[in-house]
$ cat my_file-v3.txt   # compact mmCIF, C-alpha atoms
# COMPACT_ATOMS: atom_id res chain seq x y z
CA MET A 1 113.13 118.36 111.18
CA SER A 2 109.64 118.33 112.75
CA ALA A 3 107.51 115.20 113.07
CA ILE A 4 105.28 116.24 110.14
CA ASP A 5 108.32 116.86 107.92
CA GLY A 6 109.52 113.34 108.74
CA TYR A 7 106.07 111.94 107.94
CA LEU A 8 105.76 113.86 104.66
CA HIS A 9 109.23 112.72 103.64
CA ALA A 10 108.41 109.07 104.39
CA ILE A 11 105.13 109.29 102.44
CA ILE A 12 106.78 110.96 99.42
CA VAL A 13 109.59 108.37 99.39
CA ARG A 14 107.03 105.56 99.48
CA ALA A 15 104.87 107.29 96.83
CA ILE A 16 107.93 107.50 94.53
CA GLN A 17 108.35 103.74 94.93
CA GLU A 18 104.64 103.20 94.17
CA ALA A 19 104.90 105.40 91.04
CA ARG A 20 107.96 103.46 89.85
CA GLU A 21 106.20 100.11 90.36
CA ASP A 22 103.30 101.54 88.38
CA GLY A 23 105.64 102.48 85.52
CA SER A 24 104.50 106.08 86.03
CA ALA A 25 106.77 109.06 85.31
CA THR A 26 104.76 111.13 87.79
CA ILE A 27 103.61 110.73 91.40
CA GLU A 28 99.83 111.00 91.42
CA ALA A 29 97.28 111.31 94.22
CA HIS A 30 96.64 107.56 94.17
CA HIS A 31 100.35 106.92 94.82
CA LEU A 32 100.10 109.15 97.90
CA LEU A 33 97.04 107.18 99.02
CA LEU A 34 98.90 103.87 98.56
CA ALA A 35 101.81 105.31 100.57
CA ILE A 36 99.51 106.42 103.41
CA ALA A 37 97.76 103.02 103.41
CA ALA A 38 101.15 101.29 103.68
CA ASP A 39 102.24 103.50 106.60
CA ASN A 40 101.59 102.74 110.28
CA GLU A 41 100.75 106.25 111.46
CA ALA A 42 98.06 105.68 114.12
CA THR A 43 95.20 108.00 113.05
CA THR A 44 95.27 107.45 109.28
CA HIS A 45 95.89 103.72 109.78
CA ARG A 46 92.83 103.41 112.03
CA ILE A 47 90.57 105.38 109.68
CA LEU A 48 91.64 103.48 106.56
CA THR A 49 91.51 100.00 108.10
CA THR A 50 88.05 100.73 109.54
CA ALA A 51 86.95 101.32 105.93
CA GLY A 52 88.67 98.07 104.89
CA LEU A 53 91.44 99.94 103.10
CA ASP A 54 94.86 98.46 103.66
CA ARG A 55 97.49 98.95 100.95
CA ARG A 56 96.43 95.77 99.12
CA ALA A 57 92.77 96.81 99.05
CA VAL A 58 93.69 100.26 97.68
CA ARG A 59 95.91 98.66 95.01
CA ASP A 60 93.12 96.25 94.00
CA ALA A 61 90.60 99.10 93.79
CA LEU A 62 92.97 101.12 91.57
CA ASP A 63 93.60 98.17 89.26
CA TRP A 64 89.87 97.61 89.02
CA GLU A 65 89.28 101.30 88.20
CA PHE A 66 91.88 101.12 85.41
CA GLU A 67 90.29 98.05 83.81
CA HIS A 68 86.77 99.39 84.32
CA SER A 69 87.65 102.69 82.61
CA LEU A 70 89.26 100.92 79.66
CA ARG A 71 86.32 98.56 79.23
CA ALA A 72 84.01 101.57 78.96
CA VAL A 73 85.62 102.24 75.56
CA GLY A 74 85.86 98.60 74.58
CA VAL A 75 89.51 98.02 75.50
CA SER A 76 90.72 95.04 77.48
CA PRO A 77 94.16 95.63 79.03
CA ALA A 78 94.84 91.88 78.81
CA ALA A 79 94.59 92.18 75.01
CA CYS A 80 97.82 94.22 75.02
CA ALA A 81 99.97 91.68 76.87
CA LEU A 82 103.59 92.56 76.18
CA PRO A 83 106.54 91.71 78.43
CA ARG A 84 106.52 93.93 81.51
CA PRO A 85 108.86 96.89 80.85
CA SER A 86 111.85 97.59 83.08
CA PRO A 87 110.97 100.07 85.81
CA VAL A 88 111.38 103.84 85.41
CA SER A 89 114.91 104.75 86.48
CA GLY A 90 114.68 108.54 86.89
CA GLN A 91 113.03 110.33 89.77
CA PRO A 92 109.25 110.59 89.17
CA LYS A 93 108.02 114.19 89.41
CA ILE A 94 104.97 115.35 91.34
CA GLY A 95 101.96 115.05 89.03
CA ALA A 96 98.91 117.29 88.79
CA SER A 97 96.60 115.22 91.02
CA ALA A 98 99.22 114.84 93.79
CA ARG A 99 99.94 118.58 93.64
CA LEU A 100 96.21 119.31 94.07
CA ALA A 101 95.99 116.90 97.02
CA LEU A 102 98.97 118.56 98.72
CA GLU A 103 97.56 122.05 98.07
CA ARG A 104 94.22 121.00 99.59
CA SER A 105 96.01 119.54 102.62
CA PHE A 106 97.93 122.76 103.22
CA ALA A 107 94.79 124.83 102.61
CA SER A 108 93.05 122.99 105.48
CA VAL A 109 95.43 124.47 108.09
CA ARG A 110 96.34 128.07 108.91
CA ARG A 111 100.04 127.44 109.44
CA LYS A 112 102.24 124.63 108.23
CA LYS A 113 103.13 123.66 111.80
CA GLU A 114 99.46 122.76 112.37
CA LEU A 115 99.64 120.14 109.62
CA ARG A 116 99.16 116.53 110.77
CA PRO A 117 99.18 113.22 108.86
CA ALA A 118 95.37 113.11 108.68
CA HIS A 119 95.39 116.46 106.81
CA LEU A 120 97.30 114.79 104.00
CA LEU A 121 94.68 112.03 103.79
CA LEU A 122 91.96 114.70 103.89
CA GLY A 123 93.60 116.54 100.96
CA ILE A 124 93.53 113.38 98.86
CA LEU A 125 89.93 112.55 99.83
CA GLN A 126 88.68 116.04 98.94
CA ALA A 127 88.94 115.20 95.22
CA GLN A 128 85.43 114.84 93.79
CA VAL A 129 86.55 113.46 90.42
CA GLY A 130 89.49 111.46 89.14
CA THR A 131 91.11 108.11 89.82
CA VAL A 132 90.87 108.05 93.62
CA PRO A 133 87.12 108.80 93.94
CA ARG A 134 86.34 106.32 91.15
CA ALA A 135 88.45 103.58 92.72
CA LEU A 136 86.85 104.13 96.13
CA ALA A 137 83.35 104.04 94.60
CA LEU A 138 84.13 100.79 92.78
CA ALA A 139 85.40 99.32 96.07
CA ALA A 140 82.04 100.35 97.63
CA VAL A 141 83.79 102.75 100.03
CA ASP A 142 81.67 105.72 101.11
CA GLN A 143 84.07 108.61 100.44
CA ASP A 144 81.94 111.24 102.24
CA GLN A 145 81.83 109.07 105.33
CA LEU A 146 85.60 108.62 105.11
CA VAL A 147 86.06 112.41 104.91
CA ASN A 148 83.79 112.82 107.97
CA ARG A 149 85.84 110.31 109.92
CA VAL A 150 89.06 112.14 109.08
CA GLN A 151 87.54 115.50 110.09
CA GLN A 152 86.22 114.01 113.34
CA ALA A 153 89.62 112.52 114.14
CA LEU A 154 91.30 115.88 113.47
CA SER A 155 88.85 117.81 115.67
CA SER A 156 89.10 115.29 118.50
CA GLU A 157 92.88 115.68 118.36
CA ASP A 158 92.35 119.45 118.64
CA ALA A 159 90.08 119.14 121.68
CA MET B 1 83.51 99.98 60.82
CA PRO B 2 85.61 98.71 63.74
CA ALA B 3 85.10 95.06 64.69
CA VAL B 4 84.07 96.05 68.20
CA GLU B 5 81.72 98.96 68.74
CA SER B 6 83.14 101.28 71.37
CA PRO B 7 80.82 104.24 71.75
CA VAL B 8 81.87 107.23 73.84
CA PRO B 9 80.44 106.57 77.32
CA GLN B 10 77.35 108.66 78.17
CA ASP B 11 78.68 109.80 81.53
CA PRO B 12 81.40 112.48 81.11
CA ALA B 13 83.21 111.04 84.18
CA ASP B 14 83.47 107.65 82.45
CA ALA B 15 84.59 109.21 79.16
CA LEU B 16 87.28 111.33 80.85
CA ALA B 17 88.47 108.41 82.98
CA ALA B 18 88.74 106.32 79.80
CA VAL B 19 91.02 108.98 78.30
CA ALA B 20 93.26 108.92 81.39
CA ALA B 21 93.34 105.10 81.41
CA LEU B 22 94.09 104.91 77.66
CA ARG B 23 97.00 107.36 78.09
CA ARG B 24 98.36 105.22 80.90
CA LEU B 25 97.92 102.06 78.84
CA ALA B 26 99.63 103.72 75.83
CA ASP B 27 102.57 104.73 78.05
CA GLN B 28 102.89 101.19 79.41
CA LEU B 29 102.64 99.77 75.91
CA GLU B 30 105.28 102.22 74.63
CA ASP B 31 107.71 101.33 77.45
CA ALA B 32 107.31 97.62 76.73
CA ALA B 33 107.41 97.91 72.94
CA VAL B 34 110.48 100.19 72.83
CA GLU B 35 112.32 97.89 75.22
CA GLN B 36 111.35 94.85 73.14
CA ALA B 37 112.57 96.54 69.93
CA MET B 38 115.87 97.68 71.45
CA ARG B 39 116.51 94.21 72.90
CA ALA B 40 115.87 92.86 69.40
CA GLY B 41 118.61 95.13 68.03
CA TRP B 42 116.58 98.01 66.59
CA GLY B 43 118.28 101.42 66.55
CA TRP B 44 116.88 104.69 67.92
CA PRO B 45 116.16 106.13 64.43
CA GLN B 46 114.05 103.10 63.48
CA VAL B 47 112.14 103.08 66.78
CA ALA B 48 111.54 106.82 66.50
CA GLU B 49 110.31 106.56 62.91
CA ALA B 50 108.03 103.63 63.77
CA LEU B 51 106.52 105.64 66.64
CA GLY B 52 106.26 108.79 64.54
CA VAL B 53 108.35 110.89 66.93
CA THR B 54 111.84 112.39 66.78
CA ARG B 55 114.92 110.37 67.68
CA GLN B 56 115.70 112.93 70.40
CA ALA B 57 112.26 112.47 71.94
CA VAL B 58 112.41 108.69 72.08
CA HIS B 59 116.00 108.76 73.35
CA LYS B 60 115.19 111.27 76.07
CA LYS B 61 112.18 109.27 77.19
CA HIS B 62 113.68 105.78 77.22
CA ALA B 63 117.52 105.72 77.15
CA LYS B 64 118.08 106.10 80.89
CA ARG B 65 115.60 103.39 81.80
CA LEU B 66 116.93 100.91 79.23
CA ILE B 67 120.58 101.52 80.20
CA ALA B 68 119.63 101.01 83.88
CA ALA B 69 117.90 97.76 82.84
CA GLY B 70 121.11 96.58 81.15
CA VAL B 71 119.72 96.58 77.60
CA GLU B 72 122.55 96.67 75.08
CA LEU B 73 121.89 99.68 72.90
CA ARG B 74 123.18 99.90 69.34
CA ARG B 75 125.68 102.65 68.74
CA ARG B 76 125.35 104.89 65.67
CA SER B 77 128.39 103.19 64.04
CA ASP B 78 126.56 99.84 64.28
CA VAL B 79 123.77 101.04 61.99
CA ARG B 80 124.02 99.10 58.77
CA ASN B 81 121.84 101.02 56.38
$ encode --input "my_file-v3.txt" --output "structure tokens"
Amino acid sequence: MSAIDGYLHAIIVRAIQEAREDGSATIEAHHLLLAIAADNEATTHRILTTAGLDRRAVRDALDWEFEHSLRAVGVSPAACALPRPSPVSGQPKIGASARLALERSFASVRRKKELRPAHLLLGILQAQVGTVPRALALAAVDQDQLVNRVQQALSSEDA
Amino acid sequence: MPAVESPVPQDPADALAAVAALRRLADQLEDAAVEQAMRAGWGWPQVAEALGVTRQAVHKKHAKRLIAAGVELRRRSDVRN
């Protein structure tokens, strides 16, 4: 197994855990982002922490996005306070947004063996709409700047 | 008229995000409510009828999770009516 296979495996395993904690039957792009933020891989860790995005900050931004989106239609999530359900027991499947993020990551390299951890982050950050861009905007994170930093890091690794 | 006015947001991004968030909230609410009902001794047919879905659908969606959580599920022979 190559280094990138090991990394992808670790991220997917962590994303499954994040999806379960979320009570989600699918792994979405924001679960991949949480997994990357929780990982110690040098390049992605440096880029995310420079933007103030550790796992906790990403989680807070996502929770804020959820509440913000509900409030836009007059719903307060606190108004539906029921006991927290038991976690999902089955294996969450890859959801549409995670699939798109992975496709974009793979599309950014010519061959799979060129894939590096930062490409996965780049694939997630290429989304222009959806939960991740909205959460980043609410957390006052400049997504374009983040994308530039990832691309710079990738090209300096190439040099 | 609803008690609280909740107009469709002007920005399509906000309106679409609200749909995604409401679906997620409905899923969370369903997980919690089904678990609460089953812990209170409801049977699958009652839960399914209350949700307006088939018994097979509600069973397929929730049985594994509730068994893993140790919820005692009523067997068909326990149904009284």
$ residues_around --input "my_file-v3.txt" --residues "A:Leu34" --least-positions-apart "6" --cutoff "9 Å" --atoms "only C-alpha atoms" --output "list of chain:residue names"
A:Arg14, A:Ala15, A:Glu18, A:Asp54, A:Arg55, A:Arg56, A:Val58, A:Arg59
$ closest_atom_pairs --input "my_file-v3.txt" --of "chain B" --to "stretch 121-140 of chain A" --cutoff "12 Å" --atoms "all atoms listed in the file" --output "tab-separated table"
residue	atom	partner	partner_atom	distance
B:Pro12	CA	A:Val129	CA	10.7
B:Ala13	CA	A:Val129	CA	7.5
B:Asp14	CA	A:Arg134	CA	9.3
B:Ala15	CA	A:Gly130	CA	11.3
B:Leu16	CA	A:Gly130	CA	8.6
B:Ala17	CA	A:Gly130	CA	6.9
B:Ala18	CA	A:Thr131	CA	10.5
B:Val19	CA	A:Gly130	CA	11.2
B:Ala20	CA	A:Thr131	CA	8.7
B:Ala21	CA	A:Thr131	CA	9.2
B:Arg24	CA	A:Thr131	CA	11.9
$ closest_atom_pairs --input "my_file-v3.txt" --of "chain A" --to "chain B" --cutoff "6 Å" --atoms "all atoms listed in the file" --output "JSON lines"
{"residue": "A:Phe66", "atom": "CA", "partner": "B:Ala21", "partner_atom": "CA", "distance": 5.8}
{"residue": "A:Ser69", "atom": "CA", "partner": "B:Ala18", "partner_atom": "CA", "distance": 4.7}
{"residue": "A:Leu70", "atom": "CA", "partner": "B:Ala18", "partner_atom": "CA", "distance": 5.4}
{"residue": "A:Val73", "atom": "CA", "partner": "B:Ser6", "partner_atom": "CA", "distance": 5.0}
{"residue": "A:Gly74", "atom": "CA", "partner": "B:Ser6", "partner_atom": "CA", "distance": 5.0}
{"residue": "A:Pro85", "atom": "CA", "partner": "B:Ala32", "partner_atom": "CA", "distance": 4.5}
{"residue": "A:Val88", "atom": "CA", "partner": "B:Arg65", "partner_atom": "CA", "distance": 5.6}
{"residue": "A:Ser89", "atom": "CA", "partner": "B:Arg65", "partner_atom": "CA", "distance": 4.9}
$ write_last_selection --input "my_file-v3.txt" --atoms "C-alpha atoms" --output "tab-separated table (two decimals), keeping the file's coordinate frame"
chain	number	residue	atom	x	y	z
A	66	PHE	CA	91.88	101.12	85.41
A	69	SER	CA	87.65	102.69	82.61
A	70	LEU	CA	89.26	100.92	79.66
A	73	VAL	CA	85.62	102.24	75.56
A	74	GLY	CA	85.86	98.60	74.58
A	85	PRO	CA	108.86	96.89	80.85
A	88	VAL	CA	111.38	103.84	85.41
A	89	SER	CA	114.91	104.75	86.48
$ closest_residue --input "my_file-v3.txt" --among "A:Ala98, A:Ala118, A:Leu154, A:Ala37" --to "A:Leu53" --atoms "all atoms listed in the file"
A:Ala37
$ closest_residue --input "my_file-v3.txt" --among "A:Leu33, A:Ala101, A:Val75, A:Leu8" --to "A:Leu62" --atoms "all atoms listed in the file"
A:Leu33
$ atom_distance --input "my_file-v3.txt" --atom1 "atom CA of B:Ala37" --atom2 "atom CA of A:Gly23"
18.1 Å
$ atom_distance --input "my_file-v3.txt" --atom1 "atom CA of A:Gln17" --atom2 "atom CA of B:Leu73"
26.2 Å
$ atom_distance --input "my_file-v3.txt" --atom1 "atom CA of A:Asp158" --atom2 "atom CA of A:Arg116"
10.8 Å
$ closest_residue --input "my_file-v3.txt" --among "A:Ala159, A:Arg149, A:Leu120, A:Asp22" --to "A:Arg99" --atoms "all atoms listed in the file"
A:Leu120
$ residues_around --input "my_file-v3.txt" --residues "stretch 19-21 of chain A" --least-positions-apart "5" --cutoff "9 Å" --atoms "only C-alpha atoms" --output "short mmCIF file (atom, residue, chain, number, x, y, z; two decimals) with C-alpha atoms, keeping the file's coordinate frame"
data_model
loop_
_atom_site.label_atom_id
_atom_site.label_comp_id
_atom_site.auth_asym_id
_atom_site.auth_seq_id
_atom_site.Cartn_x
_atom_site.Cartn_y
_atom_site.Cartn_z
CA ARG A 14 107.03 105.56 99.48
CA THR A 26 104.76 111.13 87.79
CA ILE A 27 103.61 110.73 91.40
CA GLU A 28 99.83 111.00 91.42
CA HIS A 31 100.35 106.92 94.82
CA PRO A 87 110.97 100.07 85.81
CA VAL A 88 111.38 103.84 85.41
CA SER A 89 114.91 104.75 86.48
CA GLY A 90 114.68 108.54 86.89
CA GLN A 91 113.03 110.33 89.77
CA PRO A 92 109.25 110.59 89.17
#
$ closest_residue --input "my_file-v3.txt" --among "A:Val147, A:Ala78, A:Ala61, A:Ala35" --to "A:His9" --atoms "only C-alpha atoms"
A:Ala35
$ axis_aligned_box --input "my_file-v3.txt" --around "stretch 62-76 of chain B" --padding-each-side "3 Å" --output "AutoDock Vina command-line options"
--center_x 119.7 --center_y 101.3 --center_z 74.8 --size_x 18.0 --size_y 15.5 --size_z 24.2
$ closest_residue --input "my_file-v3.txt" --among "A:Arg46, A:Ala107, A:Pro77, A:His30" --to "A:Asp60" --atoms "all atoms listed in the file"
A:His30
$ build_atoms --input "my_file-v3.txt" --residues "stretch 22-34 of chain B" --atoms "N, CA and C atoms" --output "mmCIF file, keeping the file's coordinate frame"
data_model
loop_
_atom_site.group_PDB
_atom_site.id
_atom_site.type_symbol
_atom_site.label_atom_id
_atom_site.label_comp_id
_atom_site.auth_asym_id
_atom_site.auth_seq_id
_atom_site.Cartn_x
_atom_site.Cartn_y
_atom_site.Cartn_z
ATOM 1 N N LEU B 22 93.479 105.213 78.970
ATOM 2 C CA LEU B 22 94.090 104.910 77.660
ATOM 3 C C LEU B 22 95.491 105.520 77.562
ATOM 4 N N ARG B 23 95.659 106.735 78.093
ATOM 5 C CA ARG B 23 97.000 107.360 78.090
ATOM 6 C C ARG B 23 97.964 106.505 78.886
ATOM 7 N N ARG B 24 97.484 106.036 80.047
ATOM 8 C CA ARG B 24 98.360 105.220 80.900
ATOM 9 C C ARG B 24 98.698 103.910 80.195
ATOM 10 N N LEU B 25 97.688 103.319 79.560
ATOM 11 C CA LEU B 25 97.920 102.060 78.840
ATOM 12 C C LEU B 25 98.894 102.289 77.683
ATOM 13 N N ALA B 26 98.735 103.414 76.953
ATOM 14 C CA ALA B 26 99.630 103.720 75.830
ATOM 15 C C ALA B 26 101.068 103.896 76.326
ATOM 16 N N ASP B 27 101.225 104.550 77.481
ATOM 17 C CA ASP B 27 102.570 104.730 78.050
ATOM 18 C C ASP B 27 103.196 103.378 78.402
ATOM 19 N N GLN B 28 102.387 102.516 79.032
ATOM 20 C CA GLN B 28 102.890 101.190 79.410
ATOM 21 C C GLN B 28 103.281 100.393 78.166
ATOM 22 N N LEU B 29 102.408 100.489 77.151
ATOM 23 C CA LEU B 29 102.640 99.770 75.910
ATOM 24 C C LEU B 29 103.904 100.287 75.218
ATOM 25 N N GLU B 30 104.095 101.622 75.255
ATOM 26 C CA GLU B 30 105.280 102.220 74.630
ATOM 27 C C GLU B 30 106.554 101.755 75.348
ATOM 28 N N ASP B 31 106.533 101.784 76.687
ATOM 29 C CA ASP B 31 107.710 101.330 77.450
ATOM 30 C C ASP B 31 108.076 99.900 77.066
ATOM 31 N N ALA B 32 107.064 99.035 77.033
ATOM 32 C CA ALA B 32 107.310 97.620 76.730
ATOM 33 C C ALA B 32 107.763 97.412 75.290
ATOM 34 N N ALA B 33 107.112 98.114 74.355
ATOM 35 C CA ALA B 33 107.410 97.910 72.940
ATOM 36 C C ALA B 33 108.784 98.455 72.559
ATOM 37 N N VAL B 34 109.162 99.620 73.113
ATOM 38 C CA VAL B 34 110.480 100.190 72.830
ATOM 39 C C VAL B 34 111.562 99.273 73.395
#
